[in-house]
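Below is one structure; the comments refer to it alone.
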Amino acid sequence: GQQVMQIPQYQHVQEGEDFTTYCNSSTTLSNIQWYKQRPGGHPVFLIQLVKSGEVKKQKRLTFQFGEAKKNSSLHITATQTTDVGTYFCAGVGGTSYGKLTFGQGTILTVHP
Amino acid sequence: NAGVTQTPKFQVLKTGQSMTLQCAQDMNHNSMYWYRQDPGMGLRLIYYSASEGTTDKGEVPNGYNVSRLNKREFSLRLESAAPSQTSVYFCASTQGLASYEQYFGPGTRLTVT
């Protein structure tokens with residue numbers, strides 16, 4: 001079945017440093033979504049990428065979808081303590097039509 | 001609008017007991033999902049319902065059953081709970097299948113002793 005691998009599993013940064021998490025799929029994806037989960041909370045949708053090579057920005061967050069539609073990244077510029085949480089990528093593709101396959105998530109800690 | 005609601009928030013069961021987790025959404029969404037979240041493993045799909053009247057297995061369906069009671073409600077049943085089912089369970093809904101953002105409920109934290 002489809003697998004989505006996400007690295008790193010943990011990232012500790014000082015406030016103001018940048019942060020990047022990477023997502024790789026074993027199969028070509030039709031689209032990829034990113035979610036954020038605050039500690040003790042539930043996942044909240046951030047963005048969806050559909051096109052090959054697509055780049056989208058939300059304030060300090062930059063999302064990229066690879067040319068081959070098998071990888072994606074989320075980059076946060078100048079992290080803030082409000083960025084703390086777990087970031088998940090979730091892809092749709094191959095035989096998993098209609099279902100999202102989630103990566104393991106990256107837990108981000110920001111030290112003030 | 002309440003969005004997606006789940007009951008209960010917390011539950012402790014003994015091995016072999018049964019229970020039903022309830023989920024409801026008020027967004028008129030067609031598709032609903034049940035996930036479990038375990039440390040270091042992300043969210044894994046248990047069952048989903050693409051539309052009212054249909055249900056399909058996800059990645060980890062063993063030990064669970066579901067019912068799409070109507071368009072609003074999607075329940076998850078554990079017939080004979082096992083310690084391996086200790087987890088946080090999330091219900092989610094979306095307008096259609098996975099091309100649309102999923103809205104998650106607050107989760108049910110289940111412990112099986």
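Ordering of the structure tokens sets the chain letters (A, B, ...); residue numbers start at 1 within each chain; ligands are numbered from 1 in the order shown.
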
Do me a favour and pick out the residues of chain A within 12 Å of chain B, using only C-alpha atoms, as JSON, numbers by chain.
-> {"A": [1, 2, 3, 4, 5, 6, 7, 8, 9, 10, 29, 30, 31, 32, 33, 34, 35, 36, 37, 38, 39, 40, 41, 42, 43, 44, 45, 46, 47, 48, 49, 50, 86, 87, 88, 89, 90, 91, 92, 93, 95, 96, 97, 98, 99, 100, 101, 102, 103, 104, 105, 106, 107]}

Among chain A, which residues carry a DSSP assignment of strand (DSSP E), reported as a PDB file with N, CA and C atoms, in the first residue's frame?
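Below is the file that was written, result_9.pdb:
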```
ATOM      1  N   VAL A   4       3.654   7.090   3.242  1.00  0.00           N
ATOM      2  CA  VAL A   4       4.113   8.477   3.274  1.00  0.00           C
ATOM      3  C   VAL A   4       5.047   8.621   4.460  1.00  0.00           C
ATOM      4  N   MET A   5       6.303   8.947   4.169  1.00  0.00           N
ATOM      5  CA  MET A   5       7.316   9.074   5.200  1.00  0.00           C
ATOM      6  C   MET A   5       7.590  10.554   5.437  1.00  0.00           C
ATOM      7  N   GLN A   6       7.724  10.902   6.709  1.00  0.00           N
ATOM      8  CA  GLN A   6       7.935  12.312   7.053  1.00  0.00           C
ATOM      9  C   GLN A   6       9.134  12.418   7.982  1.00  0.00           C
ATOM     10  N   ILE A   7      10.020  13.358   7.700  1.00  0.00           N
ATOM     11  CA  ILE A   7      11.183  13.599   8.547  1.00  0.00           C
ATOM     12  C   ILE A   7      11.409  15.091   8.731  1.00  0.00           C
ATOM     13  N   TYR A  10      11.298  14.750  15.206  1.00  0.00           N
ATOM     14  CA  TYR A  10      11.316  15.823  16.193  1.00  0.00           C
ATOM     15  C   TYR A  10      12.221  16.950  15.698  1.00  0.00           C
ATOM     16  N   GLN A  11      11.886  18.179  16.066  1.00  0.00           N
ATOM     17  CA  GLN A  11      12.744  19.308  15.772  1.00  0.00           C
ATOM     18  C   GLN A  11      12.618  20.322  16.903  1.00  0.00           C
ATOM     19  N   HIS A  12      13.765  20.645  17.489  1.00  0.00           N
ATOM     20  CA  HIS A  12      13.800  21.659  18.541  1.00  0.00           C
ATOM     21  C   HIS A  12      14.514  22.877  17.978  1.00  0.00           C
ATOM     22  N   VAL A  13      13.919  24.036  18.058  1.00  0.00           N
ATOM     23  CA  VAL A  13      14.548  25.248  17.537  1.00  0.00           C
ATOM     24  C   VAL A  13      14.439  26.352  18.566  1.00  0.00           C
ATOM     25  N   GLN A  14      15.316  27.335  18.429  1.00  0.00           N
ATOM     26  CA  GLN A  14      15.200  28.554  19.200  1.00  0.00           C
ATOM     27  C   GLN A  14      14.230  29.492  18.460  1.00  0.00           C
ATOM     28  N   PHE A  19      12.538  26.470  10.247  1.00  0.00           N
ATOM     29  CA  PHE A  19      12.176  25.052  10.439  1.00  0.00           C
ATOM     30  C   PHE A  19      11.649  24.492   9.130  1.00  0.00           C
ATOM     31  N   THR A  20      12.068  23.254   8.822  1.00  0.00           N
ATOM     32  CA  THR A  20      11.564  22.589   7.625  1.00  0.00           C
ATOM     33  C   THR A  20      11.232  21.134   7.938  1.00  0.00           C
ATOM     34  N   THR A  21      10.126  20.658   7.450  1.00  0.00           N
ATOM     35  CA  THR A  21       9.764  19.248   7.525  1.00  0.00           C
ATOM     36  C   THR A  21       9.519  18.734   6.116  1.00  0.00           C
ATOM     37  N   TYR A  22       9.912  17.477   5.877  1.00  0.00           N
ATOM     38  CA  TYR A  22       9.882  16.898   4.545  1.00  0.00           C
ATOM     39  C   TYR A  22       8.988  15.659   4.517  1.00  0.00           C
ATOM     40  N   CYS A  23       8.357  15.477   3.396  1.00  0.00           N
ATOM     41  CA  CYS A  23       7.401  14.397   3.223  1.00  0.00           C
ATOM     42  C   CYS A  23       7.721  13.675   1.913  1.00  0.00           C
ATOM     43  N   ASN A  24       7.825  12.339   1.952  1.00  0.00           N
ATOM     44  CA  ASN A  24       8.095  11.565   0.744  1.00  0.00           C
ATOM     45  C   ASN A  24       7.119  10.422   0.609  1.00  0.00           C
ATOM     46  N   SER A  25       6.586  10.253  -0.578  1.00  0.00           N
ATOM     47  CA  SER A  25       5.613   9.196  -0.837  1.00  0.00           C
ATOM     48  C   SER A  25       6.229   8.091  -1.681  1.00  0.00           C
ATOM     49  N   LEU A  29       1.462  11.161  -6.071  1.00  0.00           N
ATOM     50  CA  LEU A  29       0.264  11.660  -5.386  1.00  0.00           C
ATOM     51  C   LEU A  29      -0.566  12.533  -6.318  1.00  0.00           C
ATOM     52  N   SER A  30      -1.879  12.481  -6.142  1.00  0.00           N
ATOM     53  CA  SER A  30      -2.737  13.412  -6.873  1.00  0.00           C
ATOM     54  C   SER A  30      -2.801  14.752  -6.155  1.00  0.00           C
ATOM     55  N   ASN A  31      -2.753  14.727  -4.851  1.00  0.00           N
ATOM     56  CA  ASN A  31      -2.656  15.964  -4.088  1.00  0.00           C
ATOM     57  C   ASN A  31      -2.067  15.667  -2.722  1.00  0.00           C
ATOM     58  N   ILE A  32      -1.603  16.696  -2.062  1.00  0.00           N
ATOM     59  CA  ILE A  32      -1.072  16.533  -0.721  1.00  0.00           C
ATOM     60  C   ILE A  32      -1.625  17.653   0.158  1.00  0.00           C
ATOM     61  N   GLN A  33      -1.951  17.300   1.380  1.00  0.00           N
ATOM     62  CA  GLN A  33      -2.471  18.266   2.337  1.00  0.00           C
ATOM     63  C   GLN A  33      -1.533  18.345   3.540  1.00  0.00           C
ATOM     64  N   TRP A  34      -1.556  19.489   4.194  1.00  0.00           N
ATOM     65  CA  TRP A  34      -0.784  19.686   5.418  1.00  0.00           C
ATOM     66  C   TRP A  34      -1.723  20.083   6.546  1.00  0.00           C
ATOM     67  N   TYR A  35      -1.454  19.498   7.719  1.00  0.00           N
ATOM     68  CA  TYR A  35      -2.251  19.756   8.906  1.00  0.00           C
ATOM     69  C   TYR A  35      -1.334  20.118  10.069  1.00  0.00           C
ATOM     70  N   LYS A  36      -1.876  20.902  11.019  1.00  0.00           N
ATOM     71  CA  LYS A  36      -1.151  21.222  12.242  1.00  0.00           C
ATOM     72  C   LYS A  36      -1.995  20.763  13.430  1.00  0.00           C
ATOM     73  N   GLN A  37      -1.330  20.154  14.401  1.00  0.00           N
ATOM     74  CA  GLN A  37      -2.014  19.716  15.615  1.00  0.00           C
ATOM     75  C   GLN A  37      -1.302  20.333  16.820  1.00  0.00           C
ATOM     76  N   VAL A  44      -5.677  20.343  12.342  1.00  0.00           N
ATOM     77  CA  VAL A  44      -6.362  21.436  11.661  1.00  0.00           C
ATOM     78  C   VAL A  44      -5.719  21.620  10.295  1.00  0.00           C
ATOM     79  N   PHE A  45      -6.550  21.679   9.278  1.00  0.00           N
ATOM     80  CA  PHE A  45      -6.090  21.815   7.896  1.00  0.00           C
ATOM     81  C   PHE A  45      -5.339  23.121   7.699  1.00  0.00           C
ATOM     82  N   LEU A  46      -4.182  23.030   7.012  1.00  0.00           N
ATOM     83  CA  LEU A  46      -3.432  24.231   6.657  1.00  0.00           C
ATOM     84  C   LEU A  46      -3.575  24.567   5.182  1.00  0.00           C
ATOM     85  N   ILE A  47      -3.312  23.571   4.310  1.00  0.00           N
ATOM     86  CA  ILE A  47      -3.273  23.868   2.887  1.00  0.00           C
ATOM     87  C   ILE A  47      -3.338  22.578   2.069  1.00  0.00           C
ATOM     88  N   GLN A  48      -3.702  22.707   0.809  1.00  0.00           N
ATOM     89  CA  GLN A  48      -3.645  21.595  -0.131  1.00  0.00           C
ATOM     90  C   GLN A  48      -2.853  22.018  -1.354  1.00  0.00           C
ATOM     91  N   LEU A  49      -1.990  21.120  -1.839  1.00  0.00           N
ATOM     92  CA  LEU A  49      -1.221  21.336  -3.068  1.00  0.00           C
ATOM     93  C   LEU A  49      -1.650  20.290  -4.085  1.00  0.00           C
ATOM     94  N   VAL A  55       4.052  25.955  -5.386  1.00  0.00           N
ATOM     95  CA  VAL A  55       4.546  26.617  -4.173  1.00  0.00           C
ATOM     96  C   VAL A  55       3.445  27.542  -3.676  1.00  0.00           C
ATOM     97  N   LYS A  56       3.113  27.410  -2.398  1.00  0.00           N
ATOM     98  CA  LYS A  56       2.115  28.292  -1.796  1.00  0.00           C
ATOM     99  C   LYS A  56       2.669  28.864  -0.493  1.00  0.00           C
ATOM    100  N   LYS A  57       2.286  30.096  -0.203  1.00  0.00           N
ATOM    101  CA  LYS A  57       2.757  30.742   1.017  1.00  0.00           C
ATOM    102  C   LYS A  57       1.580  31.192   1.860  1.00  0.00           C
ATOM    103  N   GLN A  58       1.755  31.045   3.168  1.00  0.00           N
ATOM    104  CA  GLN A  58       0.808  31.584   4.143  1.00  0.00           C
ATOM    105  C   GLN A  58       1.661  32.308   5.183  1.00  0.00           C
ATOM    106  N   LEU A  61       4.816  30.677   6.447  1.00  0.00           N
ATOM    107  CA  LEU A  61       4.851  29.280   6.039  1.00  0.00           C
ATOM    108  C   LEU A  61       4.916  29.174   4.523  1.00  0.00           C
ATOM    109  N   THR A  62       5.841  28.332   4.017  1.00  0.00           N
ATOM    110  CA  THR A  62       5.957  28.075   2.586  1.00  0.00           C
ATOM    111  C   THR A  62       5.825  26.581   2.342  1.00  0.00           C
ATOM    112  N   PHE A  63       4.917  26.222   1.451  1.00  0.00           N
ATOM    113  CA  PHE A  63       4.641  24.825   1.132  1.00  0.00           C
ATOM    114  C   PHE A  63       5.062  24.569  -0.320  1.00  0.00           C
ATOM    115  N   GLN A  64       5.721  23.417  -0.531  1.00  0.00           N
ATOM    116  CA  GLN A  64       6.134  23.060  -1.886  1.00  0.00           C
ATOM    117  C   GLN A  64       5.687  21.640  -2.208  1.00  0.00           C
ATOM    118  N   PHE A  65       5.339  21.424  -3.465  1.00  0.00           N
ATOM    119  CA  PHE A  65       5.005  20.101  -3.993  1.00  0.00           C
ATOM    120  C   PHE A  65       6.021  19.792  -5.072  1.00  0.00           C
ATOM    121  N   ASN A  71       6.957  14.203  -3.424  1.00  0.00           N
ATOM    122  CA  ASN A  71       7.484  14.764  -2.198  1.00  0.00           C
ATOM    123  C   ASN A  71       6.975  16.176  -1.993  1.00  0.00           C
ATOM    124  N   SER A  72       7.062  16.609  -0.747  1.00  0.00           N
ATOM    125  CA  SER A  72       6.558  17.924  -0.384  1.00  0.00           C
ATOM    126  C   SER A  72       7.334  18.416   0.833  1.00  0.00           C
ATOM    127  N   SER A  73       7.298  19.707   1.049  1.00  0.00           N
ATOM    128  CA  SER A  73       7.960  20.265   2.222  1.00  0.00           C
ATOM    129  C   SER A  73       7.164  21.435   2.767  1.00  0.00           C
ATOM    130  N   LEU A  74       7.363  21.665   4.054  1.00  0.00           N
ATOM    131  CA  LEU A  74       6.795  22.828   4.747  1.00  0.00           C
ATOM    132  C   LEU A  74       7.949  23.553   5.415  1.00  0.00           C
ATOM    133  N   HIS A  75       8.114  24.823   5.123  1.00  0.00           N
ATOM    134  CA  HIS A  75       9.181  25.636   5.695  1.00  0.00           C
ATOM    135  C   HIS A  75       8.559  26.774   6.481  1.00  0.00           C
ATOM    136  N   ILE A  76       8.997  26.934   7.722  1.00  0.00           N
ATOM    137  CA  ILE A  76       8.542  28.068   8.539  1.00  0.00           C
ATOM    138  C   ILE A  76       9.732  28.999   8.754  1.00  0.00           C
ATOM    139  N   GLY A  85       3.837  22.519  17.876  1.00  0.00           N
ATOM    140  CA  GLY A  85       2.818  21.526  17.564  1.00  0.00           C
ATOM    141  C   GLY A  85       3.396  20.442  16.680  1.00  0.00           C
ATOM    142  N   THR A  86       2.516  19.586  16.188  1.00  0.00           N
ATOM    143  CA  THR A  86       2.908  18.530  15.267  1.00  0.00           C
ATOM    144  C   THR A  86       2.358  18.854  13.890  1.00  0.00           C
ATOM    145  N   TYR A  87       3.230  18.776  12.897  1.00  0.00           N
ATOM    146  CA  TYR A  87       2.854  19.067  11.512  1.00  0.00           C
ATOM    147  C   TYR A  87       2.803  17.753  10.731  1.00  0.00           C
ATOM    148  N   PHE A  88       1.668  17.521  10.103  1.00  0.00           N
ATOM    149  CA  PHE A  88       1.452  16.296   9.338  1.00  0.00           C
ATOM    150  C   PHE A  88       1.270  16.624   7.861  1.00  0.00           C
ATOM    151  N   CYS A  89       1.871  15.799   7.016  1.00  0.00           N
ATOM    152  CA  CYS A  89       1.481  15.803   5.614  1.00  0.00           C
ATOM    153  C   CYS A  89       0.547  14.609   5.408  1.00  0.00           C
ATOM    154  N   ALA A  90      -0.300  14.704   4.407  1.00  0.00           N
ATOM    155  CA  ALA A  90      -1.241  13.628   4.106  1.00  0.00           C
ATOM    156  C   ALA A  90      -1.475  13.630   2.603  1.00  0.00           C
ATOM    157  N   GLY A  91      -1.268  12.478   1.979  1.00  0.00           N
ATOM    158  CA  GLY A  91      -1.364  12.416   0.532  1.00  0.00           C
ATOM    159  C   GLY A  91      -2.471  11.508   0.051  1.00  0.00           C
ATOM    160  N   VAL A  92      -2.894  11.781  -1.176  1.00  0.00           N
ATOM    161  CA  VAL A  92      -3.858  10.946  -1.882  1.00  0.00           C
ATOM    162  C   VAL A  92      -3.208  10.500  -3.170  1.00  0.00           C
ATOM    163  N   GLY A  93      -3.243   9.192  -3.456  1.00  0.00           N
ATOM    164  CA  GLY A  93      -2.670   8.750  -4.704  1.00  0.00           C
ATOM    165  C   GLY A  93      -2.705   7.252  -4.846  1.00  0.00           C
ATOM    166  N   THR A 101      -3.462   9.306   3.246  1.00  0.00           N
ATOM    167  CA  THR A 101      -2.444   8.571   3.986  1.00  0.00           C
ATOM    168  C   THR A 101      -1.561   9.596   4.674  1.00  0.00           C
ATOM    169  N   PHE A 102      -1.533   9.554   6.008  1.00  0.00           N
ATOM    170  CA  PHE A 102      -0.791  10.534   6.784  1.00  0.00           C
ATOM    171  C   PHE A 102       0.652  10.107   7.001  1.00  0.00           C
ATOM    172  N   THR A 106       5.879  15.645  12.284  1.00  0.00           N
ATOM    173  CA  THR A 106       7.077  16.236  12.877  1.00  0.00           C
ATOM    174  C   THR A 106       6.635  17.077  14.062  1.00  0.00           C
ATOM    175  N   ILE A 107       7.205  16.751  15.222  1.00  0.00           N
ATOM    176  CA  ILE A 107       6.877  17.492  16.448  1.00  0.00           C
ATOM    177  C   ILE A 107       7.847  18.656  16.577  1.00  0.00           C
ATOM    178  N   LEU A 108       7.321  19.865  16.531  1.00  0.00           N
ATOM    179  CA  LEU A 108       8.144  21.069  16.612  1.00  0.00           C
ATOM    180  C   LEU A 108       8.052  21.679  18.003  1.00  0.00           C
ATOM    181  N   THR A 109       9.213  21.881  18.592  1.00  0.00           N
ATOM    182  CA  THR A 109       9.312  22.591  19.874  1.00  0.00           C
ATOM    183  C   THR A 109      10.069  23.881  19.622  1.00  0.00           C
ATOM    184  N   VAL A 110       9.566  24.987  20.131  1.00  0.00           N
ATOM    185  CA  VAL A 110      10.216  26.284  19.963  1.00  0.00           C
ATOM    186  C   VAL A 110      10.580  26.823  21.338  1.00  0.00           C
ATOM    187  N   HIS A 111      11.881  27.038  21.544  1.00  0.00           N
ATOM    188  CA  HIS A 111      12.362  27.560  22.824  1.00  0.00           C
ATOM    189  C   HIS A 111      12.448  29.074  22.752  1.00  0.00           C
TER     190      HIS A 111
END
```

From the list B:Ala2, B:Val12, B:Cys23, B:Val66, the nearest residue to Leu78 of chain B using only C-alpha atoms is B:Val66

Quote the spacing between atom CA of Leu21 of chain B and atom CA of Ser75 of chain B in Å to one decimal place.
-> 5.6 Å

Could you please determine the separation between atom CA of Pro83 of chain B and atom CA of Trp34 of chain B in Å, to one decimal place?
->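 Computed distance, atom CA of Pro83 of chain B to atom CA of Trp34 of chain B, equals 18.6 Å.
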
Quick one, how far is atom CA of Lys71 of chain B from atom CA of Lys9 of chain B?
->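 These two atoms are separated by 22.1 Å.
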
Do a neighbour search on Gln85 of chain B at 10 Å with only C-alpha atoms, toss out local chain neighbours closer than 2 positions, and write the hits as a ChimeraX atom specification.
-> /B:15,36,38,63-64,78,80-83,87-89,110-113

Contact residues around Thr79 of chain A with only C-alpha atoms at 6 Å, ignoring same-chain residues under 6 positions, as a list in words |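 Within the cut-off, the hits are Glu15, Gly16, Glu17 and Asp18 of chain A.
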
File of the preceding selection, N, CA, C and O atoms, as a short mmCIF file (atom, residue, chain, number, x, y, z; two decimals), in the first residue's frame:
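Contents of again_20.cif, as written:
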```cif
data_model
loop_
_atom_site.label_atom_id
_atom_site.label_comp_id
_atom_site.auth_asym_id
_atom_site.auth_seq_id
_atom_site.Cartn_x
_atom_site.Cartn_y
_atom_site.Cartn_z
N GLU A 15 13.50 30.23 19.20
CA GLU A 15 12.59 31.19 18.57
C GLU A 15 13.37 32.09 17.61
O GLU A 15 14.45 32.58 17.94
N GLY A 16 12.84 32.24 16.42
CA GLY A 16 13.51 33.04 15.40
C GLY A 16 14.25 32.22 14.36
O GLY A 16 14.56 32.72 13.27
N GLU A 17 14.54 30.96 14.69
CA GLU A 17 15.19 30.09 13.71
C GLU A 17 14.15 29.56 12.71
O GLU A 17 12.96 29.58 12.97
N ASP A 18 14.66 29.09 11.59
CA ASP A 18 13.78 28.51 10.59
C ASP A 18 13.57 27.02 10.86
O ASP A 18 14.36 26.38 11.57
#
```
